[in-house]
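Worksheet for the structure shown next.
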Amino acid sequence: MKIALCSDHGGLHLKNSIIEYLVQNVYEIKDFGTTNENSCDYPDFALLAAEAVMKGECERGIFVCTTGIGISIAANKIPTIRCALCSEPLSAKMTRLHNDANVLALGGGIVGVNLGIEIVKTFLETPFSAEEKHRRRIDKISAIEKKYSK
């Protein structure tokens, strides 16, 4: 599975720790930045990484900023992206089972490395349930997206 990763300066440490975990566990990664701790703007990196998921170049994404809030808002502006901000493993499991989320957002200032990696592991290992009621709800989300996308 190929994973798109990105962060701003506030999420860099957690993103780099997640990259180490993913490489050790034989995931293919594409890092869209940032690569240093200089102040930067998370929408720039979220756009590039989310486009890679939208185009099918990467199967999933993991995006990190200080809180995870801003980067998740930016990611969710991209068509077909269903980005969920999670701060514990149960939310990561449920967003995969019920929402078929394709991007995980994390807050580098909110979750530590060990918890962050556990959330990532849960997100990547949990399949979509494919239950009819969940498909129907995702279809309704997609219809809203199409209605307002120009």
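Ordered as shown in the structure tokens, chains take letters A, B, and onward, while each chain numbers its residues from 1 and ligands are numbered from 1 in the order shown.
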
Excluding same-chain residues fewer than 3 positions from A:Gly56, what lies within 12 Å of it counting only C-alpha atoms, as a PyMOL selection string?
chain A and resi 1-4+49-53+59-61+80-81+102

Find the residues around A:Glu37 up to 9 Å (only C-alpha atoms counted), leave out those fewer than 2 positions away in its own chain, and share them as an mmCIF file with N, CA, C and O atoms, in the first residue's frame.
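Everything below was put into around.cif:
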```cif
data_model
loop_
_atom_site.group_PDB
_atom_site.id
_atom_site.type_symbol
_atom_site.label_atom_id
_atom_site.label_comp_id
_atom_site.auth_asym_id
_atom_site.auth_seq_id
_atom_site.Cartn_x
_atom_site.Cartn_y
_atom_site.Cartn_z
ATOM 1 N N ASP A 8 3.094 20.157 8.320
ATOM 2 C CA ASP A 8 3.721 21.467 8.435
ATOM 3 C C ASP A 8 4.803 21.329 9.502
ATOM 4 O O ASP A 8 5.107 20.218 9.959
ATOM 5 N N HIS A 9 5.387 22.451 9.898
ATOM 6 C CA HIS A 9 6.465 22.425 10.898
ATOM 7 C C HIS A 9 5.994 21.844 12.239
ATOM 8 O O HIS A 9 6.750 21.164 12.914
ATOM 9 N N GLY A 10 4.726 22.081 12.612
ATOM 10 C CA GLY A 10 4.205 21.592 13.882
ATOM 11 C C GLY A 10 3.962 20.091 13.915
ATOM 12 O O GLY A 10 3.843 19.506 14.982
ATOM 13 N N LEU A 12 5.977 17.938 11.974
ATOM 14 C CA LEU A 12 7.139 17.290 11.355
ATOM 15 C C LEU A 12 7.694 16.131 12.178
ATOM 16 O O LEU A 12 7.974 15.060 11.639
ATOM 17 N N HIS A 13 7.854 16.318 13.471
ATOM 18 C CA HIS A 13 8.442 15.254 14.302
ATOM 19 C C HIS A 13 7.574 13.992 14.264
ATOM 20 O O HIS A 13 8.086 12.882 14.055
ATOM 21 N N THR A 34 6.458 19.021 4.841
ATOM 22 C CA THR A 34 7.656 19.811 4.844
ATOM 23 C C THR A 34 8.822 18.950 5.323
ATOM 24 O O THR A 34 8.623 17.847 5.850
ATOM 25 N N THR A 35 10.016 19.487 5.141
ATOM 26 C CA THR A 35 11.212 18.731 5.523
ATOM 27 C C THR A 35 12.039 19.426 6.590
ATOM 28 O O THR A 35 13.090 18.925 6.974
ATOM 29 N N SER A 39 8.670 27.781 9.843
ATOM 30 C CA SER A 39 7.232 28.023 9.768
ATOM 31 C C SER A 39 6.763 27.948 8.322
ATOM 32 O O SER A 39 7.395 28.499 7.416
ATOM 33 N N CYS A 40 5.668 27.232 8.098
ATOM 34 C CA CYS A 40 5.134 27.048 6.749
ATOM 35 C C CYS A 40 3.621 26.901 6.827
ATOM 36 O O CYS A 40 3.045 26.847 7.907
#
```

Kindly indicate which residue among A:Met94, A:Ile19, A:Leu5, A:Met54 lies nearest to A:Ser129, using only C-alpha atoms for the distances.
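Looking only at the distances to A:Ser129, the closest residue turns out to be A:Met94.
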
Which of these, A:Glu20, A:Asp44, A:Glu57, A:Asp100, has the shortest distance to A:Leu124 once you count only C-alpha atoms?
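Among the listed residues, the smallest separation from A:Leu124 belongs to A:Asp100.
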
Test item: residues at most 10 Å from A:Tyr42, only C-alpha atoms, excluding those fewer than 2 positions along its chain, as number ranges by chain
A: 6-11, 33-34, 39-40, 44-47, 63-66, 68, 70-72, 74-75
